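Enquirer: Below is the file start.txt, with compact mmCIF, C-alpha atoms and all ligand atoms.
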# COMPACT_ATOMS: atom_id res chain seq x y z
CA MET L 1 61.36 63.95 185.27
CA SER L 2 59.69 64.22 181.89
CA LEU L 3 58.77 67.87 182.74
CA ILE L 4 62.42 68.73 183.47
CA LYS L 5 63.43 67.16 180.15
CA ALA L 6 60.86 69.20 178.26
CA ASN L 7 62.10 72.43 179.87
CA SER L 8 65.72 71.64 179.10
CA CYS L 9 64.74 71.45 175.45
CA ASN L 10 63.13 74.91 175.60
CA PHE L 11 59.77 73.37 174.83
CA LYS L 12 57.00 76.00 174.81
CA PRO L 13 53.34 75.14 174.50
CA ILE L 14 51.39 77.06 171.79
CA ALA L 15 49.77 80.06 173.43
CA PRO L 16 46.20 81.08 172.49
CA MET L 17 47.72 84.33 170.99
CA ASN L 18 49.46 82.25 168.29
CA ILE L 19 46.06 81.04 167.11
CA ASN L 20 45.28 84.71 166.34
CA VAL L 21 48.51 85.03 164.36
CA SER L 22 47.64 82.03 162.26
CA ALA L 23 44.14 83.50 161.68
CA LYS L 24 45.74 86.70 160.42
CA ARG L 25 47.85 84.66 157.99
CA TRP L 26 44.73 82.98 156.65
CA LEU L 27 43.07 86.39 156.21
CA ARG L 28 46.09 87.71 154.27
CA LEU L 29 46.08 84.62 152.03
CA LEU L 30 42.37 85.09 151.33
CA CYS L 31 42.90 88.75 150.41
CA ARG L 32 45.75 87.86 148.05
CA SER L 33 43.63 85.16 146.39
CA ALA L 34 40.80 87.67 145.94
CA ILE L 35 43.21 90.18 144.28
CA LEU L 36 44.57 87.46 142.02
CA LEU L 37 41.05 86.35 141.05
CA ARG L 38 40.06 89.93 140.19
CA SER L 39 43.24 90.47 138.09
CA GLY L 40 42.58 87.26 136.14
CA PHE L 41 45.71 85.63 137.63
CA LYS L 42 48.02 88.16 135.98
CA THR L 43 51.23 88.62 137.96
CA PRO L 44 52.91 92.03 137.89
CA SER L 45 55.18 92.33 134.84
CA CYS L 46 58.94 92.01 135.48
CA VAL L 47 60.12 95.10 133.59
CA PRO L 48 63.60 95.92 134.89
CA PRO L 49 64.08 99.45 136.21
CA PRO L 50 65.68 101.88 133.73
CA ALA L 51 69.47 101.50 133.63
CA ASP L 52 71.58 104.11 135.34
CA PRO L 53 73.44 105.84 132.45
CA ARG L 54 76.45 106.44 134.73
CA THR L 55 77.04 102.71 135.05
CA GLN L 56 76.43 101.87 131.37
CA PRO L 57 79.45 101.36 129.06
CA GLU L 58 79.84 104.17 126.52
CA VAL L 59 78.56 103.05 123.11
CA LEU L 60 81.35 103.79 120.67
CA LYS L 61 80.62 104.35 117.00
CA PRO L 62 81.88 101.32 115.11
CA LEU L 63 84.99 101.98 113.12
CA LEU L 64 84.47 101.58 109.38
CA MET L 65 86.20 98.42 108.35
CA VAL L 66 88.86 99.16 105.78
CA ASN L 67 90.88 96.00 106.22
CA ASP L 68 90.32 94.82 102.69
CA MET L 69 91.71 98.03 101.18
CA HIS L 70 93.97 97.12 98.30
CA HIS L 71 95.05 99.23 95.37
CA ASN L 72 97.28 98.36 92.41
CA PHE L 73 99.05 101.25 90.69
CA PRO L 74 100.05 101.20 87.01
CA ASP L 75 103.75 101.40 87.98
CA GLY L 76 103.53 98.02 89.72
CA LEU L 77 103.20 99.46 93.23
CA GLN L 78 100.55 98.06 95.54
CA LEU L 79 98.87 99.78 98.47
CA ARG L 80 97.31 97.69 101.22
CA ASN L 81 96.53 97.80 104.92
CA SER L 82 99.40 96.98 107.25
CA LYS L 83 99.72 93.60 108.91
CA PRO L 84 101.49 92.75 112.20
CA THR L 85 104.22 91.05 110.14
CA ASP L 86 105.07 94.45 108.61
CA HIS L 87 106.53 95.53 111.96
CA ALA L 88 109.89 93.77 111.48
CA ARG L 89 110.18 95.13 107.92
CA SER L 90 109.46 98.68 109.06
CA ILE L 91 111.96 98.46 111.92
CA ASN L 92 114.59 97.19 109.45
CA VAL L 93 114.37 100.32 107.28
CA LEU L 94 113.92 102.97 110.00
CA LYS L 95 117.59 103.91 110.43
CA ASP L 96 118.22 103.99 106.70
CA TRP L 97 115.12 106.04 105.81
CA TRP L 98 115.51 108.45 108.78
CA ASP L 99 119.05 109.60 107.92
CA GLY L 100 120.77 107.29 110.40
CA ARG L 101 118.58 108.20 113.37
CA ASP L 102 117.52 105.09 115.30
CA LEU L 103 113.87 105.58 116.16
CA THR L 104 113.11 101.92 116.89
CA TRP L 105 112.02 102.76 120.44
CA MET L 106 109.24 104.93 118.96
CA LEU L 107 107.71 102.03 117.05
CA PRO L 108 106.77 99.13 119.33
CA LYS L 109 104.90 96.25 117.74
CA LEU L 110 101.62 97.21 119.35
CA PHE L 111 101.13 99.80 116.59
CA LEU L 112 101.05 97.04 114.00
CA ASN L 113 98.96 94.74 116.14
CA HIS L 114 96.22 97.22 116.92
CA PHE L 115 96.13 99.90 114.20
CA THR L 116 96.25 97.82 111.03
CA ASN L 117 92.93 99.12 109.71
CA THR L 118 94.22 102.73 109.74
CA SER L 119 97.80 101.98 108.67
CA PHE L 120 99.13 101.17 105.20
CA VAL L 121 102.11 99.98 103.29
CA ILE L 122 103.11 100.45 99.66
CA GLU L 123 105.07 97.56 98.19
CA LYS L 124 106.66 96.59 94.91
CA ASP L 125 107.30 92.89 94.27
CA GLY L 126 107.24 92.32 98.03
CA GLU L 127 109.72 95.13 98.80
CA LEU L 128 108.63 97.82 101.25
CA ILE L 129 108.40 101.16 99.44
CA ALA L 130 106.47 103.28 101.94
CA PHE L 131 104.38 102.98 105.08
CA LEU L 132 102.11 105.06 107.28
CA ILE L 133 101.07 104.18 110.81
CA GLY L 134 98.09 106.15 112.01
CA PHE L 135 95.10 105.73 114.28
CA LEU L 136 91.80 107.30 115.20
CA SER L 137 92.24 108.74 118.67
CA PRO L 138 90.24 106.72 121.23
CA ALA L 139 90.32 109.65 123.69
CA LYS L 140 89.64 112.49 121.23
CA PRO L 141 86.63 111.50 119.14
CA LYS L 142 87.21 114.17 116.47
CA GLU L 143 90.90 113.47 115.94
CA GLY L 144 93.21 111.18 114.02
CA TYR L 145 96.95 110.85 114.58
CA ILE L 146 99.78 109.95 112.20
CA HIS L 147 102.52 108.37 114.26
CA PHE L 148 105.00 107.37 111.57
CA ALA L 149 105.32 107.72 107.81
CA GLY L 150 108.27 106.96 105.64
CA VAL L 151 109.06 106.58 101.96
CA HIS L 152 111.98 104.63 100.48
CA PRO L 153 114.68 107.18 99.48
CA ASP L 154 114.53 106.00 95.83
CA TYR L 155 110.80 106.76 95.65
CA ARG L 156 110.68 110.20 97.28
CA GLY L 157 109.37 113.35 95.67
CA VAL L 158 106.84 111.58 93.44
CA GLY L 159 103.79 111.87 95.67
CA LYS L 160 103.85 108.58 97.62
CA GLY L 161 103.99 110.30 101.01
CA LYS L 162 101.14 112.59 100.06
CA LEU L 163 99.13 109.62 98.78
CA LEU L 164 99.45 107.81 102.12
CA TYR L 165 98.42 110.93 104.02
CA GLN L 166 95.42 111.47 101.73
CA ARG L 167 94.28 107.87 102.25
CA PHE L 168 94.48 108.38 106.00
CA PHE L 169 92.52 111.65 105.71
CA GLU L 170 89.76 109.78 103.83
CA ILE L 171 89.43 107.26 106.64
CA CYS L 172 89.32 110.10 109.15
CA LYS L 173 86.54 111.83 107.21
CA GLU L 174 84.57 108.58 106.95
CA ASN L 175 84.79 108.39 110.74
CA GLN L 176 83.88 112.03 111.45
CA ARG L 177 87.45 112.97 112.45
CA ASP L 178 88.13 116.53 111.32
CA THR L 179 91.51 117.17 112.95
CA ILE L 180 94.70 115.27 112.22
CA ARG L 181 97.84 115.64 114.28
CA ALA L 182 101.43 114.56 113.81
CA CYS L 183 104.82 115.57 115.15
CA THR L 184 108.45 115.50 114.13
CA SER L 185 111.88 116.52 115.44
CA PRO L 186 113.17 119.98 114.50
CA VAL L 187 116.26 118.31 112.96
CA ASN L 188 114.00 116.64 110.40
CA LYS L 189 113.66 119.62 108.03
CA GLY L 190 112.40 117.43 105.18
CA SER L 191 109.52 116.20 107.31
CA ILE L 192 108.66 119.74 108.44
CA GLU L 193 108.57 120.99 104.82
CA PHE L 194 106.58 117.95 103.72
CA HIS L 195 103.93 118.54 106.39
CA LYS L 196 103.74 122.23 105.50
CA MET L 197 103.29 121.37 101.81
CA ILE L 198 100.49 118.94 102.68
CA GLY L 199 98.72 121.79 104.52
CA PHE L 200 99.60 121.19 108.17
CA ALA L 201 100.09 124.16 110.49
CA ILE L 202 102.73 124.14 113.21
CA THR L 203 101.04 124.57 116.57
CA LYS L 204 102.38 127.01 119.14
CA GLY L 205 104.99 125.49 121.44
CA ASN L 206 107.04 126.73 124.38
CA ALA L 207 110.33 127.42 122.59
CA GLU L 208 111.84 127.94 119.17
CA VAL L 209 114.45 125.83 117.41
CA ASP L 210 115.82 126.90 114.01
CA GLY L 211 112.90 129.29 113.67
CA TYR L 212 110.26 126.56 114.31
CA GLN L 213 107.91 126.54 117.26
CA VAL L 214 108.68 123.42 119.36
CA THR L 215 107.42 121.78 122.51
CA LEU L 216 110.39 120.97 124.73
CA ASP L 217 110.97 117.62 126.48
CA TYR L 218 108.10 116.12 124.54
CA ASN L 219 108.74 112.36 124.80
CA LYS L 220 111.71 112.58 127.16
CA PRO L 221 114.06 115.26 128.48
CA GLY L 222 116.01 116.95 125.70
CA ASP L 223 113.53 115.84 123.04
CA PRO L 224 111.88 118.89 121.43
CA LYS L 225 109.11 118.24 118.90
CA VAL L 226 107.43 120.29 116.20
CA LEU L 227 103.71 119.61 116.50
CA PHE L 228 101.44 119.68 113.44
CA GLU L 229 97.72 120.06 113.04
CA ILE L 230 95.44 120.10 110.01
CA ARG L 231 91.68 120.52 109.69
CA ILE L 232 90.24 118.41 106.90
C1 LIG L 301 108.81 113.10 104.47
C2 LIG L 301 108.54 112.02 103.43
C3 LIG L 301 107.56 111.00 104.02
C4 LIG L 301 107.93 112.66 102.20
O1 LIG L 301 107.53 111.65 101.31
P1 LIG L 301 107.54 111.91 99.72
O2 LIG L 301 106.87 110.78 99.08
O3 LIG L 301 108.92 112.21 99.27
O4 LIG L 301 106.64 113.22 99.62
P2 LIG L 301 105.73 113.62 98.39
O5 LIG L 301 106.45 113.34 97.13
O6 LIG L 301 104.41 113.01 98.55
O7 LIG L 301 105.62 115.19 98.61
C5 LIG L 301 104.45 115.88 98.96
C6 LIG L 301 104.76 117.36 98.94
O8 LIG L 301 105.74 117.66 99.93
C7 LIG L 301 106.88 118.25 99.33
N1 LIG L 301 108.08 117.69 99.96
C8 LIG L 301 108.33 116.42 100.21
N2 LIG L 301 109.54 116.27 100.78
C9 LIG L 301 110.06 117.53 100.85
C10 LIG L 301 111.29 118.05 101.33
N3 LIG L 301 112.25 117.25 101.85
N4 LIG L 301 111.49 119.39 101.27
C11 LIG L 301 110.56 120.22 100.76
N5 LIG L 301 109.36 119.76 100.29
C12 LIG L 301 109.13 118.44 100.33
C13 LIG L 301 106.83 117.83 97.87
O9 LIG L 301 107.49 118.76 97.04
C14 LIG L 301 105.34 117.79 97.62
O10 LIG L 301 104.87 119.08 97.33
P3 LIG L 301 103.74 119.31 96.22
O11 LIG L 301 102.51 118.60 96.72
O12 LIG L 301 103.61 120.77 96.16
O13 LIG L 301 104.30 118.69 94.98
C15 LIG L 301 109.84 111.32 103.00
O14 LIG L 301 110.77 112.29 102.61
C16 LIG L 301 110.48 110.47 104.09
O15 LIG L 301 110.18 109.29 104.17
N6 LIG L 301 111.37 111.04 104.90
C17 LIG L 301 112.06 110.30 105.98
C18 LIG L 301 111.10 109.86 107.06
C19 LIG L 301 110.34 111.04 107.65
O16 LIG L 301 110.93 112.05 107.97
N7 LIG L 301 109.01 110.88 107.83
C20 LIG L 301 108.12 111.92 108.24
C21 LIG L 301 107.88 112.05 109.69
S1 LIG L 301 107.33 110.62 110.55
Rewrite the coordinates I just gave you, this time as structure tokens.
Expert:
Amino acid sequence: MSLIKANSCNFKPIAPMNINVSAKRWLRLLCRSAILLRSGFKTPSCVPPPADPRTQPEVLKPLLMVNDMHHNFPDGLQLRNSKPTDHARSINVLKDWWDGRDLTWMLPKLFLNHFTNTSFVIEKDGELIAFLIGFLSPAKPKEGYIHFAGVHPDYRGVGKGKLLYQRFFEICKENQRDTIRACTSPVNKGSIEFHKMIGFAITKGNAEVDGYQVTLDYNKPGDPKVLFEIRI
């Protein structure tokens, strides 16, 4: 009866072969101890294998911090970096400053949330006089881009636009960006002349409007743009 019970529990007596196995284990343990003794109990160092560069995040050059840029001009104007709260003020003046064209859709708030250290405003007694929204291209490490720039109609033609562009160029140079790009609509003749006077070249497009090279359907169908480029 007891034998049947033992079998039903898959009981197996230790075979003489298993004694050999256990002897082998003892031999291995002895060998390891001998190696440890000889090495003075030093365990192998845990130096991690070299990292695979393909799986490592790209190390980006830190952007020079220019957030504290502030300049007072003798005529009472002040230049400073943009703040997210400047978005609403910029949107408010767009139509007026751009000859009645409503370009609000081109200026979502993200520009003033994320590019404040490369964007500026000029103010006088709290009133917005001029602004520039630019950024250092994350995808093109040698390039900067000016997305929007505008000057209050009463303050045009006295160098404020040029001043904002020059400040942006300085930041680009400090960050090894040697090419600046911008674009405008062919209807905006003032902007085209301004960019030309600053030194921008019009890049070759795929059509011509009013004698200017344009790229058709740039942001949407029926939206030609004059593209500018300058090497600094
Ligand atoms: C385009 C704009 C930003 C220029 O600003 P600004 O302060 O009047 O320009 P500046 O006084 O700095 O002028 C710089 C140079 O451009 C020339 N310039 C500026 N506007 C010009 C125009 N409408 N026609 C011809 N030349 C012009 C100036 O004569 C000056 O030349 P100089 O350096 O030889 O003296 C301004 O007219 C504006 O806000 N326009 C409406 C918004 C716009 O179109 N923005 C640009 C595209 S996003």
Enquirer: Kindly provide, as AutoDock Vina command-line options, the centre and edge lengths (Å, one decimal) of an axis-aligned box around all atoms of ligand LIG 301 (chain L) given in the file, with 4 Å on each side.
Expert:
--center_x 107.4 --center_y 115.0 --center_z 102.8 --size_x 17.7 --size_y 19.5 --size_z 23.6
Enquirer: Which residues sit within 7 Å of ligand LIG 301 (chain L), counting all atoms listed in the file, listed as a list in words?
Expert: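 For ligand LIG 301 (chain L), the residues inside 7 Å are Trp97, Trp98, His147, Phe148, Ala149, Gly150, Val151, His152, Pro153, Tyr155, Arg156, Gly157, Val158, Gly159, Lys160, Gly161, Lys162, Leu163, Thr184, Asn188, Lys189, Gly190, Ser191, Glu193, Phe194, His195, Met197 and Ile198 of chain L.
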Enquirer: What would the file look like if the residues just selected were written as a PDB file, keeping the file's coordinate frame with C-alpha atoms?
Expert:
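Result saved to part_26.pdb:
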ATOM      1  CA  TRP L  97     115.120 106.040 105.810  1.00  0.00           C
ATOM      2  CA  TRP L  98     115.510 108.450 108.780  1.00  0.00           C
ATOM      3  CA  HIS L 147     102.520 108.370 114.260  1.00  0.00           C
ATOM      4  CA  PHE L 148     105.000 107.370 111.570  1.00  0.00           C
ATOM      5  CA  ALA L 149     105.320 107.720 107.810  1.00  0.00           C
ATOM      6  CA  GLY L 150     108.270 106.960 105.640  1.00  0.00           C
ATOM      7  CA  VAL L 151     109.060 106.580 101.960  1.00  0.00           C
ATOM      8  CA  HIS L 152     111.980 104.630 100.480  1.00  0.00           C
ATOM      9  CA  PRO L 153     114.680 107.180  99.480  1.00  0.00           C
ATOM     10  CA  TYR L 155     110.800 106.760  95.650  1.00  0.00           C
ATOM     11  CA  ARG L 156     110.680 110.200  97.280  1.00  0.00           C
ATOM     12  CA  GLY L 157     109.370 113.350  95.670  1.00  0.00           C
ATOM     13  CA  VAL L 158     106.840 111.580  93.440  1.00  0.00           C
ATOM     14  CA  GLY L 159     103.790 111.870  95.670  1.00  0.00           C
ATOM     15  CA  LYS L 160     103.850 108.580  97.620  1.00  0.00           C
ATOM     16  CA  GLY L 161     103.990 110.300 101.010  1.00  0.00           C
ATOM     17  CA  LYS L 162     101.140 112.590 100.060  1.00  0.00           C
ATOM     18  CA  LEU L 163      99.130 109.620  98.780  1.00  0.00           C
ATOM     19  CA  THR L 184     108.450 115.500 114.130  1.00  0.00           C
ATOM     20  CA  ASN L 188     114.000 116.640 110.400  1.00  0.00           C
ATOM     21  CA  LYS L 189     113.660 119.620 108.030  1.00  0.00           C
ATOM     22  CA  GLY L 190     112.400 117.430 105.180  1.00  0.00           C
ATOM     23  CA  SER L 191     109.520 116.200 107.310  1.00  0.00           C
ATOM     24  CA  GLU L 193     108.570 120.990 104.820  1.00  0.00           C
ATOM     25  CA  PHE L 194     106.580 117.950 103.720  1.00  0.00           C
ATOM     26  CA  HIS L 195     103.930 118.540 106.390  1.00  0.00           C
ATOM     27  CA  MET L 197     103.290 121.370 101.810  1.00  0.00           C
ATOM     28  CA  ILE L 198     100.490 118.940 102.680  1.00  0.00           C
TER      29      ILE L 198
END
Enquirer: Compile a residue-level contact table for segment 135-196 of chain L against segment 214-221 of chain L at a cut-off of 10 Å, reporting for every qualifying residue the shortest atom pair and its distance in Å to one decimal, with all atoms listed in the file counted, rows ordered by chain and ascending number, as a Markdown table.
Expert:
| residue | atom | partner | partner_atom | distance |
| --- | --- | --- | --- | --- |
| L:Cys183 | CA | L:Val214 | CA | 9.7 |
| L:Thr184 | CA | L:Val214 | CA | 9.5 |
| L:Ser185 | CA | L:Val214 | CA | 8.6 |
| L:Pro186 | CA | L:Val214 | CA | 7.5 |
Enquirer: Can you list, as a ChimeraX atom specification, every protein, DNA or RNA residue that comes within 12 Å of Lys173 of chain L when you count all atoms listed in the file, leaving out same-chain residues fewer than 3 positions away?
Expert: /L:63-64,136,141-144,166-170,176-180,231-232
Enquirer: From the set L:Ile171, L:Val209, L:Leu94, L:Ile230, which residue has the shortest atom-to-atom contact distance to Met69 of chain L, counting all atoms listed in the file?
Expert: L:Ile171
Enquirer: Identify which of the residues L:Asp223, L:Asp86, L:Asp154, L:Glu208 lies closest to Asn113 of chain L, counting only C-alpha atoms when measuring atom-to-atom distances.
Expert: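 Closest to Asn113 of chain L of all the choices is L:Asp86.
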Enquirer: Atom CA of Ala201 of chain L and atom CA of Ile129 of chain L, how far apart in Å?
Expert: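 Pair atom CA of Ile129 of chain L / atom CA of Ala201 of chain L returns 26.8 Å.
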Enquirer: For the atom pair atom CA of Gly76 of chain L and atom CA of Leu112 of chain L, what is the interatomic distance in Å to one decimal place?
Expert: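 The value is 24.4 Å.
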